[in-house]
$ cat work_23.cif   # mmCIF, C-alpha atoms (C1' of nucleotides)
data_work
#
loop_
_atom_site.label_atom_id
_atom_site.label_comp_id
_atom_site.auth_asym_id
_atom_site.auth_seq_id
_atom_site.Cartn_x
_atom_site.Cartn_y
_atom_site.Cartn_z
CA MET T 1 99.74 29.44 18.43
CA PRO T 2 96.97 27.69 16.62
CA GLU T 3 97.09 25.24 13.76
CA LEU T 4 94.32 24.21 11.39
CA PRO T 5 91.96 22.59 13.94
CA GLU T 6 92.30 25.46 16.41
CA VAL T 7 91.83 28.10 13.71
CA GLU T 8 88.83 26.19 12.36
CA THR T 9 87.30 26.11 15.83
CA ILE T 10 87.93 29.81 16.35
CA ALA T 11 86.57 30.75 12.91
CA ARG T 12 83.38 28.76 13.51
CA GLY T 13 82.90 30.40 16.88
CA LEU T 14 83.43 33.85 15.40
CA ALA T 15 81.13 33.10 12.48
CA SER T 16 78.26 32.27 14.81
CA ARG T 17 78.82 35.43 16.83
CA VAL T 18 79.57 38.19 14.35
CA THR T 19 78.17 37.16 10.97
CA GLY T 20 75.67 39.83 9.90
CA ASP T 21 77.05 42.38 12.34
CA ALA T 22 78.54 45.61 11.02
CA ILE T 23 81.83 47.31 11.83
CA GLU T 24 81.38 50.87 13.09
CA SER T 25 84.95 51.83 13.86
CA VAL T 26 88.44 50.41 14.21
CA TRP T 27 91.21 51.24 16.67
CA LEU T 28 94.74 50.05 15.94
CA GLY T 29 97.58 50.09 18.44
CA GLN T 30 100.99 51.67 17.94
CA LYS T 31 102.98 48.48 17.45
CA LYS T 32 103.77 48.01 13.81
CA GLU T 33 104.51 44.28 13.70
CA PRO T 34 100.91 43.06 13.72
CA LEU T 35 99.97 45.15 10.68
CA LYS T 36 100.78 43.60 7.34
CA SER T 37 98.73 46.18 5.46
CA PRO T 38 99.04 49.93 6.14
CA ALA T 39 96.90 51.01 9.09
CA ALA T 40 94.93 53.42 6.93
CA ASP T 41 94.09 50.64 4.47
CA ILE T 42 92.83 48.41 7.25
CA VAL T 43 90.67 51.11 8.80
CA ALA T 44 89.23 52.16 5.44
CA ALA T 45 88.52 48.60 4.40
CA LEU T 46 86.78 47.62 7.65
CA GLU T 47 84.77 50.65 8.73
CA HIS T 48 81.10 50.66 7.76
CA ARG T 49 81.27 47.17 6.35
CA ARG T 50 78.98 44.28 7.15
CA ILE T 51 80.56 40.93 8.02
CA THR T 52 78.94 38.43 5.66
CA ALA T 53 81.03 35.39 6.55
CA VAL T 54 83.96 34.22 8.68
CA ARG T 55 85.96 31.24 7.53
CA ARG T 56 89.34 29.56 7.74
CA MET T 57 91.91 29.28 4.97
CA GLY T 58 94.98 27.38 6.16
CA LYS T 59 95.89 29.07 9.43
CA HIS T 60 94.26 32.34 8.37
CA ILE T 61 90.87 33.63 9.48
CA VAL T 62 89.10 35.44 6.66
CA PHE T 63 86.26 37.89 7.29
CA ASP T 64 84.21 38.61 4.17
CA LEU T 65 83.11 42.23 4.21
CA GLN T 66 80.47 44.07 2.26
CA ARG T 67 79.56 47.73 2.14
CA ASN T 68 76.74 48.30 4.58
CA HIS T 69 74.01 49.94 2.50
CA LEU T 70 72.43 51.70 5.44
CA GLU T 71 75.76 53.34 6.26
CA ARG T 72 76.79 54.15 2.74
CA ALA T 73 74.81 57.36 2.43
CA LEU T 74 76.23 58.58 5.71
CA SER T 75 79.86 57.82 5.08
CA PRO T 76 81.81 60.23 2.93
CA ALA T 77 84.68 57.75 2.94
CA LYS T 78 86.02 58.95 -0.39
CA GLY T 79 89.27 60.78 -0.70
CA ARG T 80 91.10 58.39 1.57
CA LYS T 81 94.34 57.20 0.15
CA VAL T 82 93.80 53.51 -0.16
CA LYS T 83 95.83 52.42 -3.11
CA LYS T 84 95.16 48.73 -3.08
CA LEU T 85 91.44 49.08 -2.59
CA SER T 86 90.80 52.34 -4.38
CA ASP T 87 89.78 50.67 -7.59
CA THR T 88 87.09 48.68 -5.81
CA SER T 89 83.61 49.90 -6.54
CA GLU T 90 81.43 50.99 -3.65
CA GLY T 91 79.59 47.72 -3.19
CA ALA T 92 82.49 45.40 -3.86
CA ALA T 93 83.47 42.88 -1.27
CA THR T 94 86.77 43.03 0.55
CA GLN T 95 88.33 40.76 3.12
CA TRP T 96 89.92 41.18 6.51
CA ILE T 97 92.56 38.52 7.09
CA VAL T 98 93.87 37.58 10.52
CA HIS T 99 96.77 35.26 11.22
CA LEU T 100 97.10 34.43 14.91
CA GLY T 101 100.79 33.55 14.83
CA MET T 102 101.76 31.73 18.00
CA THR T 103 99.88 33.64 20.67
CA GLY T 104 97.18 35.63 18.87
CA ARG T 105 93.58 35.69 20.12
CA LEU T 106 90.39 37.20 18.76
CA GLN T 107 87.86 37.88 21.47
CA VAL T 108 84.29 39.08 21.22
CA CYS T 109 83.43 41.06 24.33
CA GLU T 110 81.36 43.85 25.82
CA PRO T 111 82.94 47.30 25.55
CA ASP T 112 83.32 47.59 29.31
CA ALA T 113 85.40 44.41 29.51
CA GLU T 114 88.92 45.07 30.71
CA ILE T 115 91.37 45.64 27.86
CA ALA T 116 93.95 42.90 27.99
CA LYS T 117 97.66 43.61 27.85
CA HIS T 118 98.99 43.35 24.26
CA THR T 119 95.69 44.36 22.65
CA HIS T 120 96.62 45.58 19.16
CA ALA T 121 93.23 46.13 17.55
CA ILE T 122 89.69 46.86 18.69
CA VAL T 123 86.83 46.64 16.22
CA LYS T 124 83.58 48.21 17.42
CA LEU T 125 80.50 46.42 16.16
CA LYS T 126 77.06 47.83 15.52
CA SER T 127 75.61 45.35 18.01
CA GLY T 128 77.59 47.18 20.68
CA ARG T 129 80.12 44.43 21.21
CA GLU T 130 83.80 44.60 20.37
CA LEU T 131 86.09 42.26 18.51
CA ARG T 132 89.59 42.50 19.94
CA PHE T 133 92.90 41.21 18.68
CA VAL T 134 95.35 40.36 21.45
CA ASP T 135 98.82 38.98 20.76
CA PRO T 136 101.72 39.07 23.28
CA ARG T 137 104.44 37.77 20.96
CA ARG T 138 103.27 39.80 17.97
CA PHE T 139 103.83 37.02 15.48
CA GLY T 140 100.22 37.42 14.37
CA ARG T 141 99.31 39.56 11.36
CA LEU T 142 96.34 41.65 10.25
CA SER T 143 95.79 42.53 6.62
CA VAL T 144 93.12 43.39 4.09
CA ALA T 145 92.70 42.25 0.50
CA ILE T 146 90.22 42.21 -2.31
CA GLU T 147 90.58 38.48 -2.56
CA PHE T 148 92.98 36.71 -0.23
CA ASP T 149 95.31 34.41 -2.07
CA ALA T 150 96.39 31.60 0.22
CA THR T 151 99.28 29.36 -0.73
CA GLY T 152 99.17 25.59 -0.74
CA THR T 153 96.29 23.13 -0.71
CA GLU T 154 93.84 22.45 2.09
CA PRO T 155 94.88 19.12 3.65
CA LEU T 156 91.26 18.13 4.21
CA GLU T 157 90.49 18.58 0.51
CA ILE T 158 93.54 17.22 -1.31
CA ASP T 159 93.16 13.89 -3.10
CA LEU T 160 95.70 11.06 -2.88
CA GLU T 161 97.51 11.61 -6.19
CA ASN T 162 98.01 15.32 -5.63
CA PHE T 163 99.13 14.58 -2.08
CA ILE T 164 101.78 12.11 -3.22
CA ALA T 165 102.97 14.57 -5.86
CA LEU T 166 103.75 17.16 -3.16
CA PHE T 167 106.64 15.09 -1.85
CA ARG T 168 108.09 13.88 -5.15
CA GLY T 169 111.74 14.80 -5.69
CA ARG T 170 112.09 16.70 -2.43
CA LYS T 171 115.15 16.13 -0.32
CA THR T 172 113.72 17.88 2.71
CA PRO T 173 112.66 15.87 5.80
CA MET T 174 109.00 14.85 5.88
CA LYS T 175 108.51 16.98 8.97
CA SER T 176 109.66 20.10 7.11
CA ALA T 177 107.55 19.26 4.08
CA LEU T 178 104.43 18.98 6.23
CA LEU T 179 105.17 22.33 7.85
CA ASN T 180 105.72 24.01 4.47
CA GLN T 181 102.61 26.13 3.94
CA LYS T 182 103.29 26.37 0.21
CA LEU T 183 102.58 22.65 -0.06
CA LEU T 184 99.82 22.11 2.48
CA ARG T 185 98.27 24.98 4.36
CA GLY T 186 97.30 24.70 8.00
CA VAL T 187 99.52 21.88 9.25
CA GLY T 188 101.71 22.91 12.19
CA ASN T 189 104.05 21.24 14.63
CA ILE T 190 101.54 19.19 16.62
CA TYR T 191 99.61 17.73 13.71
CA ALA T 192 102.75 17.10 11.66
CA ASP T 193 104.14 14.94 14.50
CA GLU T 194 100.83 13.23 15.19
CA SER T 195 100.11 12.36 11.57
CA LEU T 196 103.65 11.06 10.97
CA PHE T 197 103.27 8.80 14.00
CA ARG T 198 99.96 7.43 12.77
CA ALA T 199 101.49 6.80 9.35
CA GLY T 200 104.63 5.16 10.78
CA ILE T 201 107.02 7.64 9.16
CA ARG T 202 110.03 9.16 10.91
CA PRO T 203 110.05 12.96 10.86
CA ARG T 204 113.61 13.02 9.42
CA ARG T 205 112.69 10.71 6.57
CA ARG T 206 113.54 12.41 3.26
CA ALA T 207 110.39 13.21 1.33
CA PHE T 208 111.53 11.62 -1.96
CA SER T 209 112.42 8.36 -0.22
CA THR T 210 109.03 7.88 1.41
CA THR T 211 107.19 4.96 -0.16
CA ARG T 212 103.88 5.28 -1.93
CA ASN T 213 102.35 3.04 0.70
CA GLN T 214 103.60 5.29 3.49
CA LEU T 215 102.33 8.40 1.74
CA GLN T 216 98.97 6.75 1.27
CA LYS T 217 98.86 6.09 5.00
CA LEU T 218 99.92 9.65 5.72
CA HIS T 219 97.24 11.06 3.44
CA ALA T 220 94.60 9.22 5.44
CA ALA T 221 96.25 9.81 8.84
CA LEU T 222 96.55 13.55 8.35
CA LYS T 223 92.89 13.95 7.44
CA GLU T 224 91.89 11.68 10.29
CA VAL T 225 93.92 13.49 12.93
CA LEU T 226 92.73 16.92 11.75
CA LYS T 227 89.09 15.84 11.76
CA GLU T 228 89.38 14.29 15.21
CA ALA T 229 91.03 17.43 16.53
CA ILE T 230 88.35 19.70 15.05
CA ALA T 231 85.68 17.50 16.62
CA LEU T 232 87.32 18.03 20.02
CA GLY T 233 87.76 21.78 19.57
CA GLY T 234 91.51 21.65 18.91
CA SER T 235 94.42 21.19 21.30
CA SER T 236 94.74 23.43 24.34
CA ILE T 237 98.36 23.81 25.41
CA SER T 238 99.04 26.56 27.92
CA ASP T 239 96.46 29.22 27.17
CA TYR T 240 94.67 28.44 23.93
CA VAL T 241 90.93 29.04 24.07
CA ASP T 242 88.41 29.36 21.26
CA ALA T 243 86.15 32.33 20.50
CA ASP T 244 83.81 31.34 23.34
CA GLY T 245 86.68 31.07 25.82
CA GLU T 246 86.34 27.29 25.82
CA GLN T 247 89.43 25.13 25.70
CA GLY T 248 89.93 22.23 23.32
CA PHE T 249 90.47 18.64 24.32
CA PHE T 250 92.58 17.12 21.60
CA GLN T 251 95.74 17.47 23.70
CA LEU T 252 94.45 14.44 25.60
CA GLN T 253 94.66 12.45 22.36
CA HIS T 254 98.27 13.34 21.51
CA ARG T 255 100.25 10.16 20.98
CA VAL T 256 103.73 11.65 20.55
CA TYR T 257 103.61 15.46 20.77
CA GLY T 258 104.84 16.59 24.19
CA ARG T 259 105.42 12.99 25.31
CA GLU T 260 109.24 12.86 25.24
CA ALA T 261 110.56 9.85 27.24
CA GLU T 262 107.05 8.59 27.89
CA PRO T 263 106.22 5.09 26.60
CA CYS T 264 104.85 4.72 23.09
CA LEU T 265 101.16 3.89 23.38
CA VAL T 266 101.65 1.05 20.89
CA CYS T 267 105.00 -0.57 21.80
CA LYS T 268 106.11 1.08 25.09
CA THR T 269 109.39 2.34 23.57
CA PRO T 270 110.24 5.78 25.01
CA ILE T 271 109.19 8.60 22.68
CA LYS T 272 112.13 10.58 21.29
CA ARG T 273 112.40 14.31 20.80
CA VAL T 274 114.72 15.79 18.19
CA VAL T 275 114.98 19.23 16.60
CA ILE T 276 114.23 19.49 12.89
CA ALA T 277 114.20 22.86 11.16
CA GLY T 278 114.34 24.44 14.59
CA ARG T 279 111.16 22.74 15.74
CA SER T 280 110.66 20.04 18.36
CA SER T 281 109.79 16.78 16.70
CA HIS T 282 108.46 13.77 18.58
CA TYR T 283 108.39 10.19 17.35
CA CYS T 284 108.57 6.54 18.32
CA PRO T 285 111.91 5.10 17.11
CA LYS T 286 110.38 1.64 16.83
CA CYS T 287 107.00 2.34 15.22
CA GLN T 288 108.22 4.96 12.76
CA LYS T 289 110.57 4.13 9.87
"C1'" DA O 1 114.54 26.14 -7.51
"C1'" DC O 2 115.15 24.08 -3.27
"C1'" DT O 3 116.87 23.76 1.47
"C1'" DA O 4 118.82 25.04 6.06
"C1'" DT O 5 119.33 28.59 9.41
"C1'" DG O 6 118.59 32.69 12.03
"C1'" DT O 7 115.40 36.11 13.61
"C1'" DC O 8 111.36 38.37 15.05
"C1'" DC O 9 108.64 38.82 20.25
"C1'" DT O 10 106.87 37.92 25.26
"C1'" DG O 11 105.92 34.78 28.94
"C1'" DC O 12 106.34 30.67 31.47
"C1'" DG O 13 108.28 26.94 34.09
"C1'" DA O 14 112.45 24.46 35.49
"C1'" DG O 15 116.53 24.58 37.88
"C1'" DC O 16 119.82 26.74 40.69
"C1'" DT J 1 112.42 34.60 46.53
"C1'" DG J 2 114.71 35.83 42.44
"C1'" DC J 3 117.58 35.04 38.70
"C1'" DT J 4 118.86 32.85 34.11
"C1'" DC J 5 117.96 29.66 30.66
"C1'" DG J 6 115.45 27.17 27.38
"C1'" DC J 7 111.40 26.57 25.27
"C1'" DA J 8 106.81 27.71 22.98
"C1'" DG J 9 101.24 25.88 18.56
"C1'" DG J 10 104.67 30.34 13.02
"C1'" DA J 11 106.58 32.37 9.07
"C1'" DC J 12 109.63 35.09 6.81
"C1'" DA J 13 114.39 36.77 4.91
"C1'" DT J 14 118.65 35.34 3.79
"C1'" DA J 15 122.51 32.64 2.42
"C1'" DG J 16 124.31 28.60 0.28
#
$ encode --input "work_23.cif" --output "structure tokens"
Amino acid sequence: MPELPEVETIARGLASRVTGDAIESVWLGQKKEPLKSPAADIVAALEHRRITAVRRMGKHIVFDLQRNHLERALSPAKGRKVKKLSDTSEGAATQWIVHLGMTGRLQVCEPDAEIAKHTHAIVKLKSGRELRFVDPRRFGRLSVAIEFDATGTEPLEIDLENFIALFRGRKTPMKSALLNQKLLRGVGNIYADESLFRAGIRPRRRAFSTTRNQLQKLHAALKEVLKEAIALGGSSISDYVDADGEQGFFQLQHRVYGREAEPCLVCKTPIKRVVIAGRSSHYCPKCQK
DNA sequence: ACTATGTCCTGCGAGC
DNA sequence: TGCTCGCAGGACATAG
């Protein structure tokens, strides 16, 4: 469901709520799809760890975990078969990585709160609260790692020359290039469409044929649209809410996404919707070349 | 190596 | 009301 601005909003909300808290126990559901790492690895990596930070990398939420020294003496956690993490020393940091897919949610709640349908993981915290992962479509993924290795570059950090180089020699449509997480991480369908509109580039435009001037505009437009969206707490379409249950407001700023047949806000031409790489793509046929 | 396509899931609203 | 259909913010495997 969420793209970079929504994940950023969620990660910030989680950081303020659970940083410093410790994980006492982990329950994982029976469905196998949400687990990218073996269940035993996840449980072993999370239990009795302190959450030292929560941050976003692309569309992933990364929890930095450290062995909780108060718990260490009490936990005879050795002997568990955790191949990937077995060579980590006792105090070494590990990470819990959550990808929300299309419909994933991470909620912090009291233990007596009703357990939502499609709850796949419940993490009990020392503070008494619970962190729950809920995901109806099960496109989301949970995993653990010693150091998460995300692909691509953060769009908010990339400089102009490296940005332009991403598109060089590629035949693929600009829309597909923007969605390719190996190039830029965190851009999804909404912000791809919105940034292409602001830069005046058609989504089907072949990457290699895009002019330097257009790419320069896109570099600025993408950063601008992502920053504006983060400032407004992301876009709430259907049921997206952040860690505090608050909805975002950037959907009110969409200029093309979800506006098929509505007049372009610049030139009044009806907005078009086409399918590119299986994804809805919205653009103004007059403003975008 | 790069690119296009199908597939994984559930839920919702539109249209009949 | 109840059914079917198409669509949904993502990412991977696979085939060409």
$ residues_around --input "work_23.cif" --residues "J:DA15" --least-positions-apart "2" --cutoff "12 Å" --atoms "only C-alpha atoms (C1' of nucleotides)" --output "ChimeraX atom specification"
/O:3-6 /J:13
$ resolve_selection --input "work_23.cif" --expression "the PyMOL selection byres ((chain J) within 10 of (chain T))" --output "list in words"
DC7, DA8, DG9, DG10 and DA11 of chain J
$ resolve_selection --input "work_23.cif" --expression "the PyMOL selection byres ((chain T) within 6 of (chain O))" --output "JSON, numbers by chain"
{"T": [136, 137, 138]}
$ atom_distance --input "work_23.cif" --atom1 "atom CA of T:Asp64" --atom2 "atom CA of T:Leu106"
15.9 Å
$ atom_distance --input "work_23.cif" --atom1 "atom CA of T:Ala150" --atom2 "atom CA of T:Arg132"
23.5 Å
$ resolve_selection --input "work_23.cif" --expression "the PyMOL selection byres ((chain T and resi 213-224) around 6)" --output "list in words"
Leu156, Ser195, Arg198, Ala199, Thr211, Arg212, Val225, Leu226 and Lys227 of chain T
$ write_last_selection --input "work_23.cif" --atoms "C-alpha atoms" --output "mmCIF file, in the frame of the given file"
data_model
loop_
_atom_site.group_PDB
_atom_site.id
_atom_site.type_symbol
_atom_site.label_atom_id
_atom_site.label_comp_id
_atom_site.auth_asym_id
_atom_site.auth_seq_id
_atom_site.Cartn_x
_atom_site.Cartn_y
_atom_site.Cartn_z
ATOM 1 C CA LEU T 156 91.260 18.130 4.210
ATOM 2 C CA SER T 195 100.110 12.360 11.570
ATOM 3 C CA ARG T 198 99.960 7.430 12.770
ATOM 4 C CA ALA T 199 101.490 6.800 9.350
ATOM 5 C CA THR T 211 107.190 4.960 -0.160
ATOM 6 C CA ARG T 212 103.880 5.280 -1.930
ATOM 7 C CA VAL T 225 93.920 13.490 12.930
ATOM 8 C CA LEU T 226 92.730 16.920 11.750
ATOM 9 C CA LYS T 227 89.090 15.840 11.760
#
$ atom_distance --input "work_23.cif" --atom1 "atom CA of T:Thr269" --atom2 "atom CA of T:Ala229"
24.8 Å
$ build_atoms --input "work_23.cif" --residues "stretch 26-45 of chain T" --atoms "N, CA, C and O atoms" --output "PDB file, in the coordinates of the input"
ATOM      1  N   VAL T  26      87.276  51.272  13.974  1.00  0.00           N
ATOM      2  CA  VAL T  26      88.440  50.410  14.210  1.00  0.00           C
ATOM      3  C   VAL T  26      89.517  51.216  14.926  1.00  0.00           C
ATOM      4  O   VAL T  26      89.837  52.339  14.520  1.00  0.00           O
ATOM      5  N   TRP T  27      90.052  50.644  16.000  1.00  0.00           N
ATOM      6  CA  TRP T  27      91.210  51.240  16.670  1.00  0.00           C
ATOM      7  C   TRP T  27      92.389  50.305  16.484  1.00  0.00           C
ATOM      8  O   TRP T  27      92.266  49.095  16.672  1.00  0.00           O
ATOM      9  N   LEU T  28      93.526  50.861  16.091  1.00  0.00           N
ATOM     10  CA  LEU T  28      94.740  50.050  15.940  1.00  0.00           C
ATOM     11  C   LEU T  28      95.814  50.588  16.871  1.00  0.00           C
ATOM     12  O   LEU T  28      95.993  51.802  16.992  1.00  0.00           O
ATOM     13  N   GLY T  29      96.536  49.694  17.503  1.00  0.00           N
ATOM     14  CA  GLY T  29      97.580  50.090  18.440  1.00  0.00           C
ATOM     15  C   GLY T  29      98.802  50.663  17.728  1.00  0.00           C
ATOM     16  O   GLY T  29      98.847  50.756  16.504  1.00  0.00           O
ATOM     17  N   GLN T  30      99.803  51.018  18.498  1.00  0.00           N
ATOM     18  CA  GLN T  30     100.990  51.670  17.940  1.00  0.00           C
ATOM     19  C   GLN T  30     102.028  50.688  17.396  1.00  0.00           C
ATOM     20  O   GLN T  30     102.838  51.046  16.549  1.00  0.00           O
ATOM     21  N   LYS T  31     101.987  49.461  17.898  1.00  0.00           N
ATOM     22  CA  LYS T  31     102.980  48.480  17.450  1.00  0.00           C
ATOM     23  C   LYS T  31     102.785  48.183  15.973  1.00  0.00           C
ATOM     24  O   LYS T  31     101.671  47.955  15.523  1.00  0.00           O
ATOM     25  N   LYS T  32     103.902  48.180  15.246  1.00  0.00           N
ATOM     26  CA  LYS T  32     103.770  48.010  13.810  1.00  0.00           C
ATOM     27  C   LYS T  32     103.775  46.545  13.353  1.00  0.00           C
ATOM     28  O   LYS T  32     103.236  46.223  12.307  1.00  0.00           O
ATOM     29  N   GLU T  33     104.379  45.680  14.144  1.00  0.00           N
ATOM     30  CA  GLU T  33     104.510  44.280  13.700  1.00  0.00           C
ATOM     31  C   GLU T  33     103.202  43.613  13.296  1.00  0.00           C
ATOM     32  O   GLU T  33     103.169  42.896  12.302  1.00  0.00           O
ATOM     33  N   PRO T  34     102.125  43.815  14.073  1.00  0.00           N
ATOM     34  CA  PRO T  34     100.910  43.060  13.720  1.00  0.00           C
ATOM     35  C   PRO T  34     100.254  43.506  12.413  1.00  0.00           C
ATOM     36  O   PRO T  34      99.385  42.804  11.910  1.00  0.00           O
ATOM     37  N   LEU T  35     100.636  44.642  11.868  1.00  0.00           N
ATOM     38  CA  LEU T  35      99.970  45.150  10.680  1.00  0.00           C
ATOM     39  C   LEU T  35     100.739  44.816   9.416  1.00  0.00           C
ATOM     40  O   LEU T  35     101.835  45.311   9.185  1.00  0.00           O
ATOM     41  N   LYS T  36     100.150  43.985   8.601  1.00  0.00           N
ATOM     42  CA  LYS T  36     100.780  43.600   7.340  1.00  0.00           C
ATOM     43  C   LYS T  36     100.364  44.574   6.248  1.00  0.00           C
ATOM     44  O   LYS T  36     101.112  44.811   5.317  1.00  0.00           O
ATOM     45  N   SER T  37      99.175  45.115   6.363  1.00  0.00           N
ATOM     46  CA  SER T  37      98.730  46.180   5.460  1.00  0.00           C
ATOM     47  C   SER T  37      98.869  47.496   6.206  1.00  0.00           C
ATOM     48  O   SER T  37      98.848  47.515   7.429  1.00  0.00           O
ATOM     49  N   PRO T  38      98.988  48.621   5.478  1.00  0.00           N
ATOM     50  CA  PRO T  38      99.040  49.930   6.140  1.00  0.00           C
ATOM     51  C   PRO T  38      97.798  50.151   6.995  1.00  0.00           C
ATOM     52  O   PRO T  38      96.701  49.748   6.611  1.00  0.00           O
ATOM     53  N   ALA T  39      98.003  50.792   8.150  1.00  0.00           N
ATOM     54  CA  ALA T  39      96.900  51.010   9.090  1.00  0.00           C
ATOM     55  C   ALA T  39      95.717  51.695   8.410  1.00  0.00           C
ATOM     56  O   ALA T  39      94.557  51.312   8.616  1.00  0.00           O
ATOM     57  N   ALA T  40      96.008  52.681   7.588  1.00  0.00           N
ATOM     58  CA  ALA T  40      94.930  53.420   6.930  1.00  0.00           C
ATOM     59  C   ALA T  40      94.111  52.513   6.004  1.00  0.00           C
ATOM     60  O   ALA T  40      92.892  52.657   5.894  1.00  0.00           O
ATOM     61  N   ASP T  41      94.784  51.589   5.352  1.00  0.00           N
ATOM     62  CA  ASP T  41      94.090  50.640   4.470  1.00  0.00           C
ATOM     63  C   ASP T  41      93.147  49.753   5.273  1.00  0.00           C
ATOM     64  O   ASP T  41      92.028  49.463   4.848  1.00  0.00           O
ATOM     65  N   ILE T  42      93.644  49.305   6.427  1.00  0.00           N
ATOM     66  CA  ILE T  42      92.830  48.410   7.250  1.00  0.00           C
ATOM     67  C   ILE T  42      91.590  49.141   7.748  1.00  0.00           C
ATOM     68  O   ILE T  42      90.466  48.652   7.625  1.00  0.00           O
ATOM     69  N   VAL T  43      91.800  50.341   8.279  1.00  0.00           N
ATOM     70  CA  VAL T  43      90.670  51.110   8.800  1.00  0.00           C
ATOM     71  C   VAL T  43      89.652  51.379   7.695  1.00  0.00           C
ATOM     72  O   VAL T  43      88.451  51.152   7.864  1.00  0.00           O
ATOM     73  N   ALA T  44      90.139  51.828   6.543  1.00  0.00           N
ATOM     74  CA  ALA T  44      89.230  52.160   5.440  1.00  0.00           C
ATOM     75  C   ALA T  44      88.474  50.947   4.935  1.00  0.00           C
ATOM     76  O   ALA T  44      87.312  51.032   4.559  1.00  0.00           O
ATOM     77  N   ALA T  45      89.153  49.802   4.938  1.00  0.00           N
ATOM     78  CA  ALA T  45      88.520  48.600   4.400  1.00  0.00           C
ATOM     79  C   ALA T  45      87.474  48.019   5.353  1.00  0.00           C
ATOM     80  O   ALA T  45      86.529  47.377   4.924  1.00  0.00           O
TER      81      ALA T  45
END
